[in-house]
$ cat coords_4.txt   # compact mmCIF, C-alpha atoms
# COMPACT_ATOMS: atom_id res chain seq x y z
CA MET S 38 124.62 34.56 46.81
CA THR S 39 121.87 34.78 49.40
CA ALA S 40 118.90 32.62 50.28
CA GLY S 41 115.70 33.06 52.27
CA SER S 42 113.37 30.27 53.27
CA PRO S 43 112.56 27.52 50.72
CA GLY S 44 110.43 28.62 47.80
CA GLY S 45 110.38 32.37 48.32
CA PRO S 46 110.88 35.22 50.74
CA ALA S 47 111.85 34.49 54.32
CA ALA S 48 108.92 33.33 56.44
CA PRO S 49 107.98 35.38 59.52
CA GLY S 50 110.54 34.86 62.29
CA PHE S 51 113.14 33.49 59.86
CA ARG S 52 116.25 35.55 59.52
CA GLU S 53 117.74 35.86 56.08
CA LEU S 54 120.45 33.35 55.30
CA SER S 55 123.60 34.03 53.30
CA VAL S 56 125.18 31.25 51.26
CA THR S 57 128.75 31.72 50.08
CA LEU S 58 131.49 29.63 48.50
CA CYS S 59 134.88 29.68 50.23
CA ARG S 60 137.84 29.13 47.91
CA ASP S 61 140.50 30.81 50.05
CA PRO S 62 142.56 28.48 52.32
CA ARG S 63 143.30 31.44 54.61
CA GLN S 64 139.58 32.01 55.14
CA PHE S 65 139.15 28.29 55.85
CA ALA S 66 141.92 28.46 58.47
CA ALA S 67 140.24 31.42 60.17
CA LEU S 68 136.95 29.53 60.57
CA GLU S 69 138.24 27.29 63.38
CA ALA S 70 136.30 28.71 66.34
CA GLU S 71 132.92 29.05 64.61
CA TRP S 72 133.41 25.77 62.74
CA ASN S 73 133.88 23.95 66.04
CA ARG S 74 130.75 25.62 67.46
CA LEU S 75 128.84 24.35 64.43
CA LEU S 76 130.35 20.88 64.89
CA ARG S 77 128.92 20.72 68.42
CA ALA S 78 125.52 21.90 67.13
CA CYS S 79 125.32 19.06 64.57
CA PRO S 80 124.44 15.87 66.51
CA THR S 81 125.23 13.52 63.62
CA ALA S 82 128.73 14.93 63.04
CA THR S 83 131.72 12.63 63.50
CA PRO S 84 135.27 13.65 64.48
CA PHE S 85 136.19 13.58 60.80
CA GLN S 86 134.13 16.75 60.33
CA SER S 87 136.17 18.69 62.90
CA HIS S 88 138.11 21.72 61.69
CA ALA S 89 141.31 20.19 63.08
CA TRP S 90 140.97 17.07 60.91
CA LEU S 91 139.80 18.75 57.71
CA HIS S 92 142.12 21.76 57.77
CA SER S 93 145.12 19.60 58.60
CA TRP S 94 144.16 17.27 55.75
CA TRP S 95 143.97 20.24 53.39
CA LEU S 96 147.46 21.39 54.40
CA SER S 97 148.88 17.95 53.61
CA TYR S 98 146.76 16.89 50.64
CA GLY S 99 144.99 19.94 49.18
CA ARG S 100 145.90 21.47 45.84
CA GLU S 101 145.99 25.14 45.04
CA GLY S 102 142.82 26.50 43.49
CA ARG S 103 140.71 23.43 44.32
CA LEU S 104 139.08 24.40 47.64
CA ARG S 105 135.26 24.64 47.50
CA ILE S 106 133.45 25.02 50.84
CA VAL S 107 129.79 25.99 50.85
CA LEU S 108 129.03 28.12 53.91
CA VAL S 109 125.59 29.05 55.25
CA ARG S 110 125.25 31.89 57.75
CA ARG S 111 122.24 33.08 59.69
CA ALA S 112 122.55 36.70 60.86
CA GLY S 113 126.32 36.27 60.48
CA GLU S 114 126.53 33.03 62.48
CA LEU S 115 127.85 29.92 60.73
CA VAL S 116 125.00 27.38 60.68
CA GLY S 117 125.89 25.11 57.76
CA ALA S 118 128.94 23.93 55.85
CA ALA S 119 129.79 21.50 53.07
CA PRO S 120 133.60 21.00 52.93
CA LEU S 121 134.49 20.05 49.36
CA MET S 122 137.25 20.28 46.79
CA LEU S 123 137.39 20.14 43.00
CA VAL S 124 139.10 17.25 41.20
CA HIS S 125 139.36 16.60 37.47
CA ARG S 126 139.92 12.83 37.30
CA PRO S 127 138.29 10.65 36.14
CA LEU S 128 135.68 13.38 35.53
CA PRO S 129 135.16 16.88 36.94
CA LEU S 130 133.91 16.20 40.46
CA LEU S 131 133.29 17.94 43.76
CA VAL S 132 134.44 15.54 46.47
CA PRO S 133 134.62 15.84 50.27
CA LEU S 134 137.72 17.09 52.00
CA GLY S 135 139.40 14.24 53.83
CA GLY S 136 140.01 11.84 50.95
CA GLY S 137 140.76 8.15 51.37
CA ILE S 138 142.14 8.46 54.91
CA THR S 139 138.77 9.71 56.23
CA ASP S 140 136.26 7.06 57.30
CA TYR S 141 133.12 9.23 57.42
CA CYS S 142 132.28 12.27 55.28
CA ASP S 143 129.34 14.60 55.83
CA VAL S 144 128.09 18.18 55.80
CA LEU S 145 127.44 20.19 58.96
CA VAL S 146 123.99 21.53 59.83
CA ASP S 147 123.09 23.42 63.00
CA ASP S 148 120.24 21.25 64.24
CA ALA S 149 118.43 24.18 65.86
CA HIS S 150 118.01 25.81 62.44
CA ALA S 151 117.90 22.73 60.20
CA ALA S 152 114.55 23.66 58.58
CA GLU S 153 116.20 26.76 57.13
CA VAL S 154 119.75 25.55 56.68
CA VAL S 155 119.22 22.27 54.83
CA PRO S 156 117.41 23.80 51.80
CA ALA S 157 119.90 26.68 51.71
CA LEU S 158 122.82 24.25 51.78
CA ALA S 159 121.22 22.23 48.97
CA ARG S 160 120.90 25.38 46.87
CA GLY S 161 124.49 26.35 47.59
CA LEU S 162 125.68 22.93 46.50
CA HIS S 163 123.52 23.15 43.39
CA ARG S 164 125.17 26.42 42.43
CA ALA S 165 128.66 25.05 43.15
CA ALA S 166 127.90 21.97 41.00
CA ARG S 167 127.94 23.90 37.74
CA GLY S 168 129.61 21.59 35.20
CA VAL S 169 130.52 18.88 37.72
CA VAL S 170 129.13 15.89 39.60
CA VAL S 171 129.10 16.03 43.40
CA ASP S 172 130.48 12.70 44.65
CA LEU S 173 129.94 12.30 48.41
CA ARG S 174 131.65 9.13 49.60
CA GLU S 175 131.59 7.30 52.94
CA VAL S 176 128.38 8.83 54.28
CA ARG S 177 127.29 7.14 57.50
CA PRO S 178 123.56 6.26 57.64
CA GLY S 179 121.65 9.04 59.37
CA ALA S 180 124.19 11.71 58.40
CA ALA S 181 123.12 15.30 57.82
CA VAL S 182 123.82 15.06 54.10
CA GLU S 183 120.84 12.71 53.71
CA ARG S 184 118.54 15.65 54.46
CA VAL S 185 120.37 17.75 51.88
CA VAL S 186 119.89 15.03 49.25
CA ARG S 187 116.14 15.03 49.91
CA GLU S 188 116.11 18.75 49.04
CA TRP S 189 118.28 18.34 45.94
CA ASP S 190 116.80 19.87 42.79
CA GLY S 191 118.36 17.69 40.13
CA ALA S 192 119.59 14.19 39.40
CA HIS S 193 121.03 11.91 42.04
CA ALA S 194 122.05 8.32 42.64
CA VAL S 195 122.83 6.31 45.77
CA LEU S 196 125.44 3.54 45.87
CA PRO S 197 126.76 1.37 48.72
CA ASP S 198 130.21 2.22 50.01
CA SER S 199 132.45 0.72 52.71
CA SER S 200 131.26 -1.54 55.52
CA CYS S 201 131.97 -0.49 59.11
CA ALA S 202 131.97 -2.58 62.28
CA GLU S 203 130.02 -1.02 65.17
CA PHE S 204 129.11 -2.04 68.71
CA PRO S 205 126.58 -0.67 71.15
CA VAL S 206 128.28 1.07 74.06
CA LEU S 207 128.40 -1.67 76.69
CA SER S 208 130.86 -2.63 79.37
CA PHE S 209 133.61 -4.92 78.10
CA ASP S 210 132.17 -7.80 80.13
CA ASP S 211 128.83 -7.33 78.36
CA LEU S 212 130.57 -7.28 74.96
CA VAL S 213 132.21 -10.59 75.82
CA LYS S 214 128.83 -12.05 76.81
CA ARG S 215 127.60 -11.40 73.25
CA MET S 216 130.12 -13.94 71.95
CA PRO S 217 129.53 -17.70 71.75
CA SER S 218 130.42 -19.34 75.06
CA ALA S 219 133.62 -20.94 73.77
CA GLY S 220 134.80 -17.65 72.26
CA ALA S 221 133.92 -15.78 75.44
CA GLN S 222 135.93 -18.25 77.49
CA ARG S 223 138.97 -17.83 75.25
CA THR S 224 138.64 -14.04 75.42
CA ARG S 225 138.58 -14.06 79.23
CA ALA S 226 141.75 -16.16 79.18
CA LYS S 227 143.38 -13.59 76.89
CA VAL S 228 142.40 -10.80 79.28
CA ARG S 229 143.98 -12.68 82.19
CA LYS S 230 147.16 -13.00 80.13
CA ILE S 231 147.22 -9.25 79.46
CA ASP S 232 146.62 -8.44 83.12
CA ALA S 233 149.35 -10.84 84.21
CA LEU S 234 151.89 -8.90 82.11
CA ARG S 235 150.84 -5.66 83.85
CA ILE S 236 150.65 -3.63 80.66
CA GLU S 237 150.10 -0.02 81.68
CA GLU S 238 147.98 2.55 79.82
CA HIS S 239 149.10 6.15 79.49
CA GLN S 240 146.82 8.83 78.06
CA VAL S 241 149.01 11.18 76.03
CA SER S 242 148.90 14.93 76.58
CA GLU S 243 148.94 17.48 73.78
CA HIS S 244 152.66 18.19 74.00
CA GLU S 245 153.46 14.44 73.85
CA VAL S 246 151.46 13.89 70.66
CA PRO S 247 154.25 14.27 68.03
CA GLU S 248 156.54 11.67 69.62
CA THR S 249 153.70 9.21 70.28
CA VAL S 250 152.29 9.51 66.74
CA ARG S 251 155.73 8.78 65.30
CA THR S 252 155.99 5.76 67.62
CA LEU S 253 152.50 4.60 66.61
CA LEU S 254 153.33 4.78 62.91
CA ARG S 255 156.63 2.95 63.40
CA LEU S 256 154.89 0.17 65.33
CA HIS S 257 152.07 0.08 62.78
CA GLU S 258 154.56 -0.49 59.98
CA GLU S 259 156.38 -3.17 61.97
CA GLN S 260 153.19 -5.07 62.79
CA TRP S 261 152.13 -5.18 59.12
CA ARG S 262 155.57 -5.86 57.63
CA GLY S 263 155.29 -8.75 55.21
CA ARG S 264 151.47 -8.57 55.30
CA GLY S 265 150.91 -5.46 53.19
CA VAL S 266 150.99 -2.22 55.16
CA THR S 267 148.90 0.57 53.58
CA PRO S 268 151.45 2.63 51.59
CA GLU S 269 149.91 5.96 52.57
CA HIS S 270 150.58 5.23 56.24
CA VAL S 271 154.35 5.40 55.75
CA LYS S 272 154.39 8.67 53.80
CA PRO S 273 155.65 11.88 55.45
CA ARG S 274 152.50 13.78 54.51
CA PHE S 275 150.35 11.30 56.45
CA SER S 276 152.57 11.60 59.52
CA GLU S 277 152.51 15.39 59.30
CA HIS S 278 148.73 15.40 58.99
CA LEU S 279 148.20 12.99 61.87
CA ILE S 280 150.52 14.89 64.22
CA ARG S 281 148.99 18.25 63.36
CA ALA S 282 145.37 17.04 63.60
CA ALA S 283 145.87 14.90 66.71
CA ARG S 284 147.47 17.75 68.67
CA ARG S 285 144.47 19.98 68.12
CA MET S 286 141.95 17.18 68.63
CA VAL S 287 143.53 16.01 71.88
CA ARG S 288 143.41 19.62 73.08
CA THR S 289 139.69 19.98 72.28
CA GLY S 290 138.68 16.49 73.44
CA ASP S 291 137.97 15.21 69.92
CA ALA S 292 140.69 12.56 70.11
CA ARG S 293 142.44 10.34 72.63
CA LEU S 294 145.98 9.05 72.06
CA THR S 295 147.06 6.17 74.29
CA GLU S 296 150.37 4.43 74.90
CA PHE S 297 150.52 0.86 76.21
CA ARG S 298 153.69 0.26 78.15
CA LEU S 299 155.34 -3.01 79.13
CA GLU S 300 158.17 -2.77 81.64
CA GLY S 301 158.40 0.95 80.95
CA ARG S 302 158.63 0.57 77.16
CA VAL S 303 155.93 1.58 74.66
CA VAL S 304 154.79 -1.63 72.97
CA ALA S 305 151.56 -0.32 71.44
CA ALA S 306 149.80 2.97 70.74
CA SER S 307 146.32 3.81 69.49
CA LEU S 308 144.53 6.89 68.19
CA THR S 309 140.81 7.15 68.98
CA LEU S 310 138.60 9.86 67.49
CA LEU S 311 135.68 11.09 69.57
CA SER S 312 132.35 12.86 69.15
CA ALA S 313 129.23 13.08 71.30
CA GLY S 314 127.71 9.99 69.70
CA LEU S 315 130.73 7.98 68.52
CA THR S 316 134.03 6.50 69.65
CA GLY S 317 136.08 5.50 66.61
CA GLY S 318 139.25 3.41 66.77
CA TYR S 319 141.19 5.03 63.93
CA LEU S 320 144.72 3.58 63.91
CA TYR S 321 146.99 1.55 66.15
CA GLY S 322 150.48 0.12 66.11
CA ALA S 323 151.80 -2.83 68.11
CA ASP S 324 155.25 -4.28 68.62
CA PRO S 325 155.48 -7.78 67.06
CA GLU S 326 156.95 -8.84 70.40
CA LEU S 327 153.42 -8.82 71.79
CA ARG S 328 152.41 -11.57 69.36
CA ALA S 329 155.47 -13.55 70.39
CA ARG S 330 154.33 -13.23 74.01
CA LYS S 331 150.83 -14.43 73.09
CA VAL S 332 149.18 -11.06 73.72
CA ASP S 333 145.95 -10.56 71.77
CA VAL S 334 146.36 -6.91 70.82
CA VAL S 335 142.81 -6.48 69.52
CA THR S 336 141.36 -7.74 72.80
CA MET S 337 143.60 -5.32 74.71
CA LEU S 338 142.57 -2.37 72.54
CA LEU S 339 138.88 -3.20 72.42
CA ARG S 340 138.71 -3.51 76.20
CA HIS S 341 140.38 -0.11 76.49
CA GLU S 342 137.96 1.51 74.02
CA ALA S 343 134.87 -0.14 75.50
CA GLN S 344 135.75 0.95 79.03
CA HIS S 345 136.22 4.59 78.00
CA ALA S 346 133.13 4.70 75.76
CA HIS S 347 130.94 3.10 78.43
CA ALA S 348 132.21 5.46 81.14
CA ARG S 349 131.36 8.49 79.00
CA GLY S 350 128.06 7.19 77.63
CA ARG S 351 128.93 7.64 73.95
CA GLY S 352 126.33 6.11 71.64
CA VAL S 353 128.40 3.84 69.39
CA LEU S 354 131.82 2.19 69.48
CA SER S 355 133.06 1.87 65.91
CA LEU S 356 136.05 0.01 64.51
CA LEU S 357 135.46 2.09 61.37
CA ARG S 358 135.87 0.77 57.84
CA GLY S 359 136.68 -2.80 56.97
CA SER S 360 135.24 -6.26 57.65
CA GLU S 361 138.43 -8.04 58.68
CA PRO S 362 138.01 -11.43 60.41
CA TYR S 363 139.53 -10.16 63.67
CA LYS S 364 136.59 -7.74 63.95
CA ASN S 365 133.86 -10.17 62.99
CA HIS S 366 134.36 -12.73 65.75
CA TRP S 367 133.27 -10.03 68.23
CA ARG S 368 129.85 -10.01 66.55
CA PRO S 369 129.66 -6.33 65.63
CA GLU S 370 126.83 -4.79 63.70
CA THR S 371 127.81 -4.24 60.07
CA VAL S 372 126.83 -0.74 58.95
CA VAL S 373 127.27 0.12 55.27
CA ASN S 374 128.24 3.66 54.34
CA GLN S 375 126.52 5.31 51.39
CA ARG S 376 127.82 7.14 48.36
CA PHE S 377 125.68 9.97 46.98
CA LEU S 378 126.13 11.26 43.44
CA LEU S 379 124.43 14.62 42.74
CA ALA S 380 124.23 16.70 39.58
CA ARG S 381 122.08 19.32 37.95
CA SER S 382 119.35 17.85 35.77
CA SER S 383 121.17 19.10 32.69
CA HIS S 384 124.20 17.01 33.71
CA LEU S 385 122.34 13.71 34.07
CA PRO S 386 124.45 12.03 31.33
CA LEU S 387 127.62 13.01 33.21
CA LEU S 388 126.22 11.55 36.44
CA ARG S 389 125.21 8.30 34.72
CA LEU S 390 128.67 8.00 33.15
CA HIS S 391 130.34 8.40 36.53
CA GLU S 392 127.89 6.01 38.18
CA SER S 393 128.61 3.34 35.56
CA GLN S 394 132.36 3.77 36.02
CA VAL S 395 132.06 3.43 39.79
CA SER S 396 129.77 0.39 39.56
CA GLY S 397 132.00 -1.22 36.94
CA ARG S 398 135.07 -0.89 39.13
CA GLU S 399 133.22 -2.40 42.10
CA ARG S 400 132.02 -5.36 40.03
CA ALA S 401 135.54 -5.97 38.72
CA VAL S 402 137.01 -5.95 42.22
CA SER S 403 134.33 -8.34 43.52
CA ALA S 404 134.84 -10.70 40.59
CA LEU S 405 138.59 -10.70 41.13
CA ARG S 406 138.19 -11.57 44.80
CA GLU S 407 135.89 -14.48 43.99
CA ALA S 408 137.95 -15.80 41.09
CA LEU S 409 141.35 -15.40 42.73
CA PRO S 410 141.43 -16.15 46.46
CA ALA S 411 145.13 -15.30 46.36
CA ALA S 412 144.39 -11.74 45.23
CA ARG S 413 144.69 -10.47 48.81
CA ASP S 414 148.19 -11.96 49.07
CA TRP S 415 149.21 -10.32 45.81
CA ARG S 416 147.80 -7.01 47.01
CA ALA S 417 149.88 -7.32 50.17
CA ARG S 418 153.01 -7.93 48.09
CA ILE S 419 152.27 -4.97 45.84
CA ASN S 420 151.78 -2.77 48.89
CA GLU S 421 155.13 -3.91 50.27
CA TRP S 422 156.82 -2.99 46.97
CA ARG S 423 155.14 0.41 47.04
CA VAL S 424 156.26 0.97 50.62
CA ASP S 425 159.83 0.05 49.68
CA GLY S 426 159.59 2.65 46.94
CA VAL S 427 158.45 5.28 49.45
CA ARG S 428 161.33 4.41 51.80
CA ARG S 429 163.89 4.70 49.00

$ encode --input "coords_4.txt" --output "structure tokens"
Amino acid sequence: MTAGSPGGPAAPGFRELSVTLCRDPRQFAALEAEWNRLLRACPTATPFQSHAWLHSWWLSYGREGRLRIVLVRRAGELVGAAPLMLVHRPLPLLVPLGGGITDYCDVLVDDAHAAEVVPALARGLHRAARGVVVDLREVRPGAAVERVVREWDGAHAVLPDSSCAEFPVLSFDDLVKRMPSAGAQRTRAKVRKIDALRIEEHQVSEHEVPETVRTLLRLHEEQWRGRGVTPEHVKPRFSEHLIRAARRMVRTGDARLTEFRLEGRVVAASLTLLSAGLTGGYLYGADPELRARKVDVVTMLLRHEAQHAHARGRGVLSLLRGSEPYKNHWRPETVVNQRFLLARSSHLPLLRLHESQVSGRERAVSALREALPAARDWRARINEWRVDGVRR
């Protein structure tokens, strides 16, 4: 399928655009170089839209015959992409590649040609949405997909999704100054404790990534033991994905993997994902020994991230999804992701059915949390049982 400018033939000076649907994983693999060029040309893109992250995720989690990537080219150059896959439960849906382990989903639009690309990408999505609802989860406010939704010719709905904790890029000292005076004083005491132990930071090179990721995941499981580790984080497919993606992302500068060493031994490790406008703390693991030695691991990690983000002038420091208490006492800005549901006008009943199912599940979860304060403890226990099942 091809597309000119919106509403008719290409306007003077506009080159004709081609819009295609990629279903072949081998073609997706071969897009790496031009995909990464497009990533750099899309200022709102996050590291989760990198080819390394998405293609690695597909290798670990994709299912044969389900790949659906809308591609927009201008004179042969890739200028737009919507990385999706087909699922059949609970309804036929097109959903973003990346799944539940991806904190931000989006499309890619070359900003220099956005006036042409956005309508073409909307038309490509419209054609791909035959018989299905497009369910775009975890869209960060200001993402490129918002422009596509404005061009959508059909039915759509917008729902709130996960909350994310974000900070302006400041020096660590300035972040501490944002806290109440008593909290700031305690934090400075924690920093002195960390410095007294002489914990060393080591930035991991590409060839060191596999060993460090395995160490990170082991420490992550140990730190959450008895408190409900996320079952997916102990599965081999997650480890394989993280190693594969992190190697490529460290090589291209889209990720930083750091070891924290005490007396020559790795006692913590963290994976940070990077883009021009965002530093995102994705996952960390810490030896329970650090708690026993009164080390505040979050303070140690946040100081590390703030120093790097401030030195490089990145726009936002994000702790990604979740509103856990340990994040909130730092006074972050709470930014709520969005969930866009799109369908052809003829499929409005299907969209409304899916919207009601999603909203119903959210209301049930909220009601359970309010009615049963112990629900979080039960969830932790259930997660531990599921992890035991994975290990067996």

$ closest_residue --input "coords_4.txt" --among "S:Ala157, S:Ala292, S:Val303, S:Leu104" --to "Gln64 in chain S" --atoms "all atoms listed in the file"
S:Leu104

$ closest_residue --input "coords_4.txt" --among "S:Ala202, S:Leu327, S:Leu207, S:Leu390" --to "Ser360 in chain S" --atoms "all atoms listed in the file"
S:Ala202

$ residues_around --input "coords_4.txt" --residues "range 193-201 of chain S" --least-positions-apart "6" --cutoff "10 Å" --atoms "only C-alpha atoms" --output "NGL selection string"
:S and (140-141 or 170-177 or 186-187 or 355-361 or 364 or 369-382 or 385 or 388-389 or 392 or 395-396 or 399)

$ atom_distance --input "coords_4.txt" --atom1 "CA of Pro156 in chain S" --atom2 "CA of Glu53 in chain S"
12.8 Å

$ residues_around --input "coords_4.txt" --residues "range 334-337 of chain S" --least-positions-apart "5" --cutoff "10 Å" --atoms "all atoms listed in the file" --output "list in words"
Phe209, Thr224, Arg225, Lys227, Val228, Ile231, Asp232, Ile236, Phe297, Ala305, Tyr321, Gly322, Ala323, Asp324, Pro325, Leu327, Arg328, Glu342, Tyr363, Lys364 and Trp367 of chain S

$ write_last_selection --input "coords_4.txt" --atoms "C-alpha atoms" --output "compact mmCIF listing (two decimals), keeping the file's coordinate frame"
# COMPACT_ATOMS: atom_id res chain seq x y z
CA PHE S 209 133.61 -4.92 78.10
CA THR S 224 138.64 -14.04 75.42
CA ARG S 225 138.58 -14.06 79.23
CA LYS S 227 143.38 -13.59 76.89
CA VAL S 228 142.40 -10.80 79.28
CA ILE S 231 147.22 -9.25 79.46
CA ASP S 232 146.62 -8.44 83.12
CA ILE S 236 150.65 -3.63 80.66
CA PHE S 297 150.52 0.86 76.21
CA ALA S 305 151.56 -0.32 71.44
CA TYR S 321 146.99 1.55 66.15
CA GLY S 322 150.48 0.12 66.11
CA ALA S 323 151.80 -2.83 68.11
CA ASP S 324 155.25 -4.28 68.62
CA PRO S 325 155.48 -7.78 67.06
CA LEU S 327 153.42 -8.82 71.79
CA ARG S 328 152.41 -11.57 69.36
CA GLU S 342 137.96 1.51 74.02
CA TYR S 363 139.53 -10.16 63.67
CA LYS S 364 136.59 -7.74 63.95
CA TRP S 367 133.27 -10.03 68.23

$ closest_residue --input "coords_4.txt" --among "S:Trp95, S:Asp211, S:Leu130, S:Ala78" --to "Ala151 in chain S" --atoms "all atoms listed in the file"
S:Ala78

$ residues_around --input "coords_4.txt" --residues "range 249-254 of chain S" --least-positions-apart "5" --cutoff "8 Å" --atoms "only C-alpha atoms" --output "PyMOL selection string"
chain S and resi 241+270-271+276+279-280+294+296+305-307+321-323

$ atom_distance --input "coords_4.txt" --atom1 "CA of Ala89 in chain S" --atom2 "CA of Glu69 in chain S"
7.7 Å

$ atom_distance --input "coords_4.txt" --atom1 "CA of Ser97 in chain S" --atom2 "CA of Val146 in chain S"
25.9 Å

$ residues_around --input "coords_4.txt" --residues "Leu115 in chain S" --least-positions-apart "4" --cutoff "8 Å" --atoms "only C-alpha atoms" --output "list in words"
Glu71, Trp72, Leu75, Leu108, Val109, Arg110 and Arg111 of chain S

$ closest_residue --input "coords_4.txt" --among "S:Glu277, S:Glu326, S:Glu114, S:Asp291" --to "Tyr98 in chain S" --atoms "only C-alpha atoms"
S:Glu277

$ residues_around --input "coords_4.txt" --residues "Trp90 in chain S" --least-positions-apart "4" --cutoff "10 Å" --atoms "all atoms listed in the file" --output "list in words"
Pro84, Phe85, Gln86, Trp94, Trp95, Leu134, Gly135, Thr139, His278, Leu279, Arg281, Ala282, Ala283, Arg285, Met286 and Asp291 of chain S

$ closest_residue --input "coords_4.txt" --among "S:Pro129, S:Gly220, S:Gly352, S:Pro268" --to "Asn365 in chain S" --atoms "all atoms listed in the file"
S:Gly220

$ closest_residue --input "coords_4.txt" --among "S:Val154, S:Ala226, S:Leu68, S:Leu315" --to "Asp333 in chain S" --atoms "only C-alpha atoms"
S:Ala226

$ residues_near_point --input "coords_4.txt" --point "(142.8, 14.5, 76.3)" --cutoff "8 Å" --atoms "all atoms listed in the file" --output "VMD selection string"
chain S and resid 240 to 243 287 to 290 292 to 294

$ write_last_selection --input "coords_4.txt" --atoms "C-alpha atoms" --output "short mmCIF file (atom, residue, chain, number, x, y, z; two decimals), in the coordinates of the input"
data_model
loop_
_atom_site.label_atom_id
_atom_site.label_comp_id
_atom_site.auth_asym_id
_atom_site.auth_seq_id
_atom_site.Cartn_x
_atom_site.Cartn_y
_atom_site.Cartn_z
CA GLN S 240 146.82 8.83 78.06
CA VAL S 241 149.01 11.18 76.03
CA SER S 242 148.90 14.93 76.58
CA GLU S 243 148.94 17.48 73.78
CA VAL S 287 143.53 16.01 71.88
CA ARG S 288 143.41 19.62 73.08
CA THR S 289 139.69 19.98 72.28
CA GLY S 290 138.68 16.49 73.44
CA ALA S 292 140.69 12.56 70.11
CA ARG S 293 142.44 10.34 72.63
CA LEU S 294 145.98 9.05 72.06
#

$ axis_aligned_box --input "coords_4.txt" --around "range 71-75 of chain S" --padding-each-side "3 Å" --output "JSON"
{"center_x": 131.4, "center_y": 26.5, "center_z": 65.1, "size_x": 11.0, "size_y": 11.1, "size_z": 10.7}

$ decode --input "coords_4.txt" --residues "range 56-67 of chain S" --atoms "C-alpha atoms" --output "PDB file, in the first residue's frame"
ATOM      1  CA  VAL S  56       3.399   2.260   3.803  1.00  0.00           C
ATOM      2  CA  THR S  57       3.930  -1.464   4.276  1.00  0.00           C
ATOM      3  CA  LEU S  58       3.185  -4.106   6.881  1.00  0.00           C
ATOM      4  CA  CYS S  59       6.111  -6.250   8.024  1.00  0.00           C
ATOM      5  CA  ARG S  60       5.153  -9.748   9.156  1.00  0.00           C
ATOM      6  CA  ASP S  61       8.526 -11.424   8.579  1.00  0.00           C
ATOM      7  CA  PRO S  62      10.837 -11.667  11.644  1.00  0.00           C
ATOM      8  CA  ARG S  63      13.844 -11.887   9.309  1.00  0.00           C
ATOM      9  CA  GLN S  64      12.906  -8.557   7.738  1.00  0.00           C
ATOM     10  CA  PHE S  65      12.506  -7.066  11.218  1.00  0.00           C
ATOM     11  CA  ALA S  66      15.989  -8.294  12.165  1.00  0.00           C
ATOM     12  CA  ALA S  67      17.479  -6.700   9.051  1.00  0.00           C
TER      13      ALA S  67
END
